[in-house]
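**Q** Structure provided below as structure tokens; questions to follow.
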Amino acid sequence: MSAMRAVVLDSYGGPEVLTLSEVPDPVPGPEEVVVDVVATALNRADLLQRMGLYPDPFPSGDHEIPGMEFSGRVATVGSRCRSAAVGDEVMGIVAGGAYAERLVVHERQLLAVPATVPLADAAAIPEVWITAWDALVRQGGLRPGDVALVHAGASGVGTAAIQVARAVGASVAVTASTAKVAACESLGADLVVDYTRDDFVAVVREHTDGRGADVILDVIGGDYLDRNVDAAAPGGRIVQVGVMGSGAATFGLGKLLPKRLTLIGTVLRPRPLEEKVAVSRRFAREVLPWFDRGAARPVIDPRFPLERIAEAHERMAANANVGKILVDVG
């Protein structure tokens, strides 16, 4: 049986548990393909999985291999595959398994790599761009002329969300730490609030002449929820896509009612296959053309080889990155 290198979780804990091992090659089903992985990218969920707090919702095989997005080339195709061909340059999302030289994915989850993006950089697109677009536009209903408020503007999701908002003709305000303000401004944020110095509620309300933000994208949670309610415009939508701060929140329910606000919780990883296929296909139609016409680009932090995956995790844990941390695999 042929083998590949992969990062395997034999135990849970700090970055030191990320072990590079030889494991059997994955075998595709009839409608699946094997991809030779060129690059993968880090997500917060990877750190939680490493600590034993967020297991792969669809485990397969005898080894737990993290990694939720990839770019690479199709190596083999299943017997019933119709749209994928050997040699295709592709990218996509998976529930796990991307920290490896090869992975298996359903052919309908594959996305073509934009012509303007090098294959090794394309792994920075799928997870955060689908998340940002799905949260702001599909679920948040962001429209031209609206105001979006995006927390953690320099994160992977944040840097994608700034560009998504601008591409749909909305104004975008973000929060960021002092060292990351300039990066958010360079991406086109209309307002950057240094959360270490200023109250984003007051600044956003002043920026909008007291009205507030139409759609709020939050990855923090905790006490941000109550403040998001204060920062939202009447009829606004608060879309919660993460809880980096805390999963527990107390907020004034009475403030939600007169504003007629909508609070939406969403996550991409545990969705069933058909939902992932549907969102991937719509993303391909509506968003990927932005890259080809220069309206969007992946934002990439310093990259690491697979052998230094522990250092990549340490960088993300320290919140040192701007945009995506990439890991070169093949």
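Chain labels run A, B, ... following the order of the structure tokens; each chain numbers its residues from 1, and ligands are numbered from 1 in the order shown.
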Looking only at the backbone, which of the residues in stretch 152-264 of chain A does DSSP tag as alpha helix (DSSP H), as a PyMOL selection string?
**A** chain A and resi 156-167+181-186+200-207+224-231+253-259
**Q** Show which residues sit within 10 Å of stretch 281-291 of chain A, as a PDB file with N, CA, C and O atoms, in the first residue's frame. Count only C-alpha atoms, and ignore same-chain residues fewer than 5 positions away.
**A**
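Output file selection-v7.pdb is given in full below:
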ATOM      1  N   ARG A 108     -17.872  17.549  -6.462  1.00  0.00           N
ATOM      2  CA  ARG A 108     -18.701  18.757  -6.551  1.00  0.00           C
ATOM      3  C   ARG A 108     -18.288  19.828  -5.549  1.00  0.00           C
ATOM      4  O   ARG A 108     -18.790  20.947  -5.602  1.00  0.00           O
ATOM      5  N   GLN A 109     -17.388  19.481  -4.614  1.00  0.00           N
ATOM      6  CA  GLN A 109     -16.870  20.495  -3.706  1.00  0.00           C
ATOM      7  C   GLN A 109     -15.642  21.205  -4.259  1.00  0.00           C
ATOM      8  O   GLN A 109     -15.166  22.173  -3.664  1.00  0.00           O
ATOM      9  N   LEU A 110     -15.132  20.742  -5.381  1.00  0.00           N
ATOM     10  CA  LEU A 110     -13.944  21.351  -5.949  1.00  0.00           C
ATOM     11  C   LEU A 110     -14.263  22.716  -6.557  1.00  0.00           C
ATOM     12  O   LEU A 110     -15.306  22.905  -7.179  1.00  0.00           O
ATOM     13  N   LEU A 111     -13.346  23.635  -6.379  1.00  0.00           N
ATOM     14  CA  LEU A 111     -13.430  24.958  -6.990  1.00  0.00           C
ATOM     15  C   LEU A 111     -12.228  25.152  -7.901  1.00  0.00           C
ATOM     16  O   LEU A 111     -11.107  24.764  -7.548  1.00  0.00           O
ATOM     17  N   ALA A 112     -12.454  25.739  -9.057  1.00  0.00           N
ATOM     18  CA  ALA A 112     -11.341  26.052  -9.947  1.00  0.00           C
ATOM     19  C   ALA A 112     -10.513  27.194  -9.354  1.00  0.00           C
ATOM     20  O   ALA A 112     -11.066  28.140  -8.790  1.00  0.00           O
ATOM     21  N   VAL A 113      -9.214  27.103  -9.484  1.00  0.00           N
ATOM     22  CA  VAL A 113      -8.338  28.163  -8.982  1.00  0.00           C
ATOM     23  C   VAL A 113      -8.400  29.340  -9.954  1.00  0.00           C
ATOM     24  O   VAL A 113      -8.223  29.163 -11.163  1.00  0.00           O
ATOM     25  N   PRO A 114      -8.664  30.565  -9.462  1.00  0.00           N
ATOM     26  CA  PRO A 114      -8.706  31.723 -10.361  1.00  0.00           C
ATOM     27  C   PRO A 114      -7.387  31.898 -11.114  1.00  0.00           C
ATOM     28  O   PRO A 114      -6.307  31.620 -10.567  1.00  0.00           O
ATOM     29  N   ALA A 115      -7.477  32.354 -12.346  1.00  0.00           N
ATOM     30  CA  ALA A 115      -6.288  32.509 -13.182  1.00  0.00           C
ATOM     31  C   ALA A 115      -5.305  33.516 -12.603  1.00  0.00           C
ATOM     32  O   ALA A 115      -4.102  33.449 -12.882  1.00  0.00           O
ATOM     33  N   THR A 116      -5.799  34.439 -11.795  1.00  0.00           N
ATOM     34  CA  THR A 116      -4.941  35.488 -11.232  1.00  0.00           C
ATOM     35  C   THR A 116      -4.238  35.061  -9.945  1.00  0.00           C
ATOM     36  O   THR A 116      -3.446  35.833  -9.394  1.00  0.00           O
ATOM     37  N   VAL A 117      -4.524  33.856  -9.449  1.00  0.00           N
ATOM     38  CA  VAL A 117      -3.991  33.412  -8.158  1.00  0.00           C
ATOM     39  C   VAL A 117      -3.068  32.206  -8.362  1.00  0.00           C
ATOM     40  O   VAL A 117      -3.505  31.197  -8.918  1.00  0.00           O
ATOM     41  N   ILE A 125      -7.934  30.897   0.102  1.00  0.00           N
ATOM     42  CA  ILE A 125      -9.245  31.404  -0.303  1.00  0.00           C
ATOM     43  C   ILE A 125     -10.431  30.648   0.313  1.00  0.00           C
ATOM     44  O   ILE A 125     -11.320  31.271   0.903  1.00  0.00           O
ATOM     45  N   PRO A 126     -10.536  29.318   0.180  1.00  0.00           N
ATOM     46  CA  PRO A 126     -11.848  28.666   0.355  1.00  0.00           C
ATOM     47  C   PRO A 126     -12.548  28.898   1.686  1.00  0.00           C
ATOM     48  O   PRO A 126     -13.698  29.375   1.712  1.00  0.00           O
ATOM     49  N   TRP A 129     -13.079  32.899   2.658  1.00  0.00           N
ATOM     50  CA  TRP A 129     -13.871  33.644   1.686  1.00  0.00           C
ATOM     51  C   TRP A 129     -15.304  33.139   1.618  1.00  0.00           C
ATOM     52  O   TRP A 129     -16.243  33.931   1.547  1.00  0.00           O
ATOM     53  N   ILE A 130     -15.480  31.811   1.652  1.00  0.00           N
ATOM     54  CA  ILE A 130     -16.847  31.289   1.678  1.00  0.00           C
ATOM     55  C   ILE A 130     -17.535  31.719   2.970  1.00  0.00           C
ATOM     56  O   ILE A 130     -18.702  32.132   2.961  1.00  0.00           O
ATOM     57  N   TRP A 133     -18.358  35.635   2.770  1.00  0.00           N
ATOM     58  CA  TRP A 133     -19.427  35.914   1.803  1.00  0.00           C
ATOM     59  C   TRP A 133     -20.748  35.316   2.258  1.00  0.00           C
ATOM     60  O   TRP A 133     -21.800  35.974   2.198  1.00  0.00           O
ATOM     61  N   ASP A 134     -20.720  34.082   2.730  1.00  0.00           N
ATOM     62  CA  ASP A 134     -21.941  33.426   3.188  1.00  0.00           C
ATOM     63  C   ASP A 134     -22.566  34.190   4.352  1.00  0.00           C
ATOM     64  O   ASP A 134     -23.785  34.379   4.409  1.00  0.00           O
ATOM     65  N   GLN A 163     -13.131  42.862   1.680  1.00  0.00           N
ATOM     66  CA  GLN A 163     -13.203  42.844   0.218  1.00  0.00           C
ATOM     67  C   GLN A 163     -14.592  42.444  -0.274  1.00  0.00           C
ATOM     68  O   GLN A 163     -15.068  42.958  -1.290  1.00  0.00           O
ATOM     69  N   VAL A 164     -15.242  41.536   0.436  1.00  0.00           N
ATOM     70  CA  VAL A 164     -16.609  41.147   0.073  1.00  0.00           C
ATOM     71  C   VAL A 164     -17.534  42.362   0.155  1.00  0.00           C
ATOM     72  O   VAL A 164     -18.318  42.637  -0.761  1.00  0.00           O
ATOM     73  N   ALA A 167     -16.914  44.752  -2.637  1.00  0.00           N
ATOM     74  CA  ALA A 167     -17.324  44.221  -3.939  1.00  0.00           C
ATOM     75  C   ALA A 167     -18.822  44.328  -4.158  1.00  0.00           C
ATOM     76  O   ALA A 167     -19.274  44.459  -5.307  1.00  0.00           O
ATOM     77  N   GLU A 275     -25.238  20.675   1.500  1.00  0.00           N
ATOM     78  CA  GLU A 275     -25.171  22.109   1.801  1.00  0.00           C
ATOM     79  C   GLU A 275     -23.813  22.673   1.413  1.00  0.00           C
ATOM     80  O   GLU A 275     -23.720  23.796   0.890  1.00  0.00           O
ATOM     81  N   LYS A 276     -22.748  21.921   1.681  1.00  0.00           N
ATOM     82  CA  LYS A 276     -21.420  22.397   1.291  1.00  0.00           C
ATOM     83  C   LYS A 276     -21.282  22.495  -0.219  1.00  0.00           C
ATOM     84  O   LYS A 276     -20.685  23.439  -0.739  1.00  0.00           O
ATOM     85  N   ALA A 296     -10.679  41.190  -5.956  1.00  0.00           N
ATOM     86  CA  ALA A 296     -10.441  40.406  -4.751  1.00  0.00           C
ATOM     87  C   ALA A 296      -9.079  39.736  -4.853  1.00  0.00           C
ATOM     88  O   ALA A 296      -8.610  39.417  -5.953  1.00  0.00           O
ATOM     89  N   ARG A 297      -8.466  39.503  -3.696  1.00  0.00           N
ATOM     90  CA  ARG A 297      -7.191  38.789  -3.653  1.00  0.00           C
ATOM     91  C   ARG A 297      -7.045  38.130  -2.284  1.00  0.00           C
ATOM     92  O   ARG A 297      -7.528  38.659  -1.276  1.00  0.00           O
ATOM     93  N   PRO A 298      -6.384  36.978  -2.229  1.00  0.00           N
ATOM     94  CA  PRO A 298      -6.110  36.391  -0.920  1.00  0.00           C
ATOM     95  C   PRO A 298      -5.049  37.199  -0.187  1.00  0.00           C
ATOM     96  O   PRO A 298      -4.114  37.699  -0.805  1.00  0.00           O
TER      97      PRO A 298
END
**Q** Neighbours of A:Ser171 within 9 Å (only C-alpha atoms; same-chain residues fewer than 3 positions away dropped), as a list in words?
**A** Pro144, Gly145, Asp146, Val147, Ala148, Leu149, Ile162, Ala165, Arg166, Ala189, Asp190 and Leu191 of chain A
**Q** For stretch 4-18 of chain A, list every protein, DNA or RNA residue within 12 Å, evaluated using only C-alpha atoms, and leave out those in the same chain fewer than 3 positions away; present the list as a PyMOL selection string.
**A** chain A and resi 1+21-26+36-37+40+46-56+61-67+96-103+305-317+327+329-330
**Q** Choose the residue, out of A:Glu127, A:Leu268, A:Val279, A:Ala173, that has the smallest atom-to-atom separation from A:Thr208; count only C-alpha atoms.
**A**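 Nearest to A:Thr208: A:Ala173.
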**Q** Give me the residues within 7 Å of A:Thr159 as a PyMOL selection string, counting only C-alpha atoms and dropping any in the same chain fewer than 5 places off.
**A** chain A and resi 153-154+299+323
**Q** Could you turn the residues from that selection into a file that holds all heavy atoms, as an mmCIF file, in the first residue's frame?
**A**
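The resulting file, out27.cif, is shown below:
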data_model
loop_
_atom_site.group_PDB
_atom_site.id
_atom_site.type_symbol
_atom_site.label_atom_id
_atom_site.label_comp_id
_atom_site.auth_asym_id
_atom_site.auth_seq_id
_atom_site.Cartn_x
_atom_site.Cartn_y
_atom_site.Cartn_z
ATOM 1 N N GLY A 153 -10.730 42.567 11.968
ATOM 2 C CA GLY A 153 -10.609 42.898 10.555
ATOM 3 C C GLY A 153 -9.347 42.397 9.889
ATOM 4 O O GLY A 153 -9.309 42.264 8.667
ATOM 5 N N ALA A 154 -8.292 42.114 10.656
ATOM 6 C CA ALA A 154 -7.040 41.642 10.067
ATOM 7 C C ALA A 154 -6.933 40.126 10.052
ATOM 8 O O ALA A 154 -5.932 39.577 9.581
ATOM 9 C CB ALA A 154 -5.839 42.231 10.815
ATOM 10 N N VAL A 299 -5.225 37.341 1.110
ATOM 11 C CA VAL A 299 -4.249 38.043 1.946
ATOM 12 C C VAL A 299 -3.471 36.985 2.716
ATOM 13 O O VAL A 299 -4.048 36.234 3.510
ATOM 14 C CB VAL A 299 -4.936 39.035 2.901
ATOM 15 C CG1 VAL A 299 -3.909 39.723 3.792
ATOM 16 C CG2 VAL A 299 -5.730 40.066 2.098
ATOM 17 N N GLY A 323 -4.270 38.208 7.840
ATOM 18 C CA GLY A 323 -4.705 37.322 6.771
ATOM 19 C C GLY A 323 -4.418 35.869 7.108
ATOM 20 O O GLY A 323 -4.351 35.480 8.276
#
**Q** Which residues, written as a list in words, have at least one atom at most 6 Å from A:Ser71, with only C-alpha atoms counted and residues fewer than 2 positions away on the same chain left out?
**A**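 The neighbour list is Val37, Val38, Ala39, Val90, Met91, Ala122 and Ala123 of chain A.
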**Q** Write the residues of the selection above to a file with C-alpha atoms, as a short mmCIF file (atom, residue, chain, number, x, y, z; two decimals), in the first residue's frame.
**A**
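Result file is selection_36.cif:
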data_model
loop_
_atom_site.label_atom_id
_atom_site.label_comp_id
_atom_site.auth_asym_id
_atom_site.auth_seq_id
_atom_site.Cartn_x
_atom_site.Cartn_y
_atom_site.Cartn_z
CA VAL A 37 -2.10 18.88 -1.97
CA VAL A 38 0.18 21.82 -2.79
CA ALA A 39 -0.81 23.97 0.19
CA VAL A 90 -8.34 23.01 -7.72
CA MET A 91 -9.07 24.28 -4.22
CA ALA A 122 -5.12 29.51 -3.54
CA ALA A 123 -5.36 27.58 -0.24
#
**Q** Which residues of stretch 234-270 of chain A have any atom within 9 Å of an atom in stretch 215-219 of chain A when counting only C-alpha atoms, and what is the closest pair of atoms for each, with the distance in Å to one decimal? Order the rows by chain and rising number and write it as CSV.
**A**
residue,atom,partner,partner_atom,distance
A:Gly236,CA,A:Val215,CA,5.7
A:Arg237,CA,A:Val215,CA,4.8
A:Ile238,CA,A:Ile216,CA,4.7
A:Val239,CA,A:Leu217,CA,5.0
A:Gln240,CA,A:Asp218,CA,5.0
A:Val241,CA,A:Val219,CA,5.3
A:Gly242,CA,A:Val219,CA,4.0
A:Val243,CA,A:Val219,CA,5.4
A:Met244,CA,A:Val219,CA,6.1
A:Gly245,CA,A:Val219,CA,8.1
**Q** Take the residues that were just selected and, keeping all heavy atoms, output them as an mmCIF file, in the first residue's frame.
**A**
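So out_25.cif came out as:
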data_model
loop_
_atom_site.group_PDB
_atom_site.id
_atom_site.type_symbol
_atom_site.label_atom_id
_atom_site.label_comp_id
_atom_site.auth_asym_id
_atom_site.auth_seq_id
_atom_site.Cartn_x
_atom_site.Cartn_y
_atom_site.Cartn_z
ATOM 1 N N GLY A 236 -31.221 45.559 11.715
ATOM 2 C CA GLY A 236 -29.911 45.002 11.399
ATOM 3 C C GLY A 236 -29.799 43.517 11.688
ATOM 4 O O GLY A 236 -30.652 42.919 12.352
ATOM 5 N N ARG A 237 -28.726 42.917 11.165
ATOM 6 C CA ARG A 237 -28.456 41.486 11.347
ATOM 7 C C ARG A 237 -27.078 41.325 11.975
ATOM 8 O O ARG A 237 -26.095 41.906 11.489
ATOM 9 C CB ARG A 237 -28.491 40.737 10.015
ATOM 10 C CG ARG A 237 -29.900 40.513 9.462
ATOM 11 C CD ARG A 237 -30.462 41.725 8.755
ATOM 12 N NE ARG A 237 -29.713 42.075 7.567
ATOM 13 C CZ ARG A 237 -29.769 43.270 6.976
ATOM 14 N NH1 ARG A 237 -30.515 44.246 7.483
ATOM 15 N NH2 ARG A 237 -29.065 43.515 5.885
ATOM 16 N N ILE A 238 -27.015 40.546 13.043
ATOM 17 C CA ILE A 238 -25.749 40.206 13.686
ATOM 18 C C ILE A 238 -25.465 38.743 13.371
ATOM 19 O O ILE A 238 -26.245 37.863 13.732
ATOM 20 C CB ILE A 238 -25.821 40.419 15.210
ATOM 21 C CG1 ILE A 238 -26.158 41.878 15.535
ATOM 22 C CG2 ILE A 238 -24.507 40.002 15.880
ATOM 23 C CD1 ILE A 238 -26.526 42.104 16.994
ATOM 24 N N VAL A 239 -24.354 38.486 12.673
ATOM 25 C CA VAL A 239 -24.020 37.127 12.248
ATOM 26 C C VAL A 239 -22.809 36.661 13.054
ATOM 27 O O VAL A 239 -21.717 37.226 12.933
ATOM 28 C CB VAL A 239 -23.725 37.058 10.744
ATOM 29 C CG1 VAL A 239 -23.570 35.602 10.302
ATOM 30 C CG2 VAL A 239 -24.824 37.749 9.937
ATOM 31 N N GLN A 240 -23.015 35.639 13.866
ATOM 32 C CA GLN A 240 -21.968 35.119 14.754
ATOM 33 C C GLN A 240 -21.326 33.912 14.084
ATOM 34 O O GLN A 240 -21.961 32.881 13.875
ATOM 35 C CB GLN A 240 -22.583 34.709 16.098
ATOM 36 C CG GLN A 240 -21.593 34.558 17.229
ATOM 37 C CD GLN A 240 -21.094 35.908 17.737
ATOM 38 O OE1 GLN A 240 -21.881 36.847 17.889
ATOM 39 N NE2 GLN A 240 -19.796 36.008 17.973
ATOM 40 N N VAL A 241 -20.027 34.027 13.751
ATOM 41 C CA VAL A 241 -19.344 32.925 13.067
ATOM 42 C C VAL A 241 -18.226 32.320 13.910
ATOM 43 O O VAL A 241 -17.552 31.391 13.466
ATOM 44 C CB VAL A 241 -18.778 33.369 11.700
ATOM 45 C CG1 VAL A 241 -19.879 33.870 10.801
ATOM 46 C CG2 VAL A 241 -17.701 34.421 11.862
ATOM 47 N N GLY A 242 -18.014 32.834 15.107
ATOM 48 C CA GLY A 242 -16.973 32.299 15.977
ATOM 49 C C GLY A 242 -17.108 32.858 17.368
ATOM 50 O O GLY A 242 -17.873 33.803 17.606
ATOM 51 N N VAL A 243 -16.377 32.263 18.305
ATOM 52 C CA VAL A 243 -16.415 32.706 19.702
ATOM 53 C C VAL A 243 -14.987 32.711 20.267
ATOM 54 O O VAL A 243 -14.689 32.059 21.260
ATOM 55 C CB VAL A 243 -17.355 31.836 20.558
ATOM 56 C CG1 VAL A 243 -18.808 32.127 20.220
ATOM 57 C CG2 VAL A 243 -17.074 30.347 20.371
ATOM 58 N N MET A 244 -14.114 33.476 19.613
ATOM 59 C CA MET A 244 -12.729 33.557 20.069
ATOM 60 C C MET A 244 -12.637 34.097 21.492
ATOM 61 O O MET A 244 -11.732 33.731 22.245
ATOM 62 C CB MET A 244 -11.918 34.462 19.132
ATOM 63 C CG MET A 244 -11.585 33.858 17.792
ATOM 64 S SD MET A 244 -10.864 35.086 16.668
ATOM 65 C CE MET A 244 -9.487 35.712 17.644
ATOM 66 N N GLY A 245 -13.558 34.998 21.842
ATOM 67 C CA GLY A 245 -13.518 35.581 23.182
ATOM 68 C C GLY A 245 -14.159 34.671 24.209
ATOM 69 O O GLY A 245 -13.527 34.232 25.161
#
**Q** In Å, rounded to a single decimal, give me how far atom CA of A:Arg269 is from atom CA of A:Pro57.
**A**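 Going from atom CA of A:Pro57 over to atom CA of A:Arg269 covers 7.7 Å.
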**Q** If you measure from atom CA of A:Leu253 to atom CA of A:Val150, what distance in Å do you get, rounded to one decimal?
**A**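 These atoms are spaced 21.9 Å apart.
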**Q** Between A:Ala176, A:Ala120, A:Leu225, A:Cys81, which is the closest to A:Phe304 once you count only C-alpha atoms?
**A**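 Among the listed residues, A:Ala120 lies closest to A:Phe304.
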**Q** Using DSSP on the backbone coordinates, identify the residues of stretch 97-258 of chain A assigned to strand (DSSP E or B); present them as a PyMOL selection string.
**A** chain A and resi 100+102-106+111-112+147-150+171-176+191-194+213-218+221+232-240+246
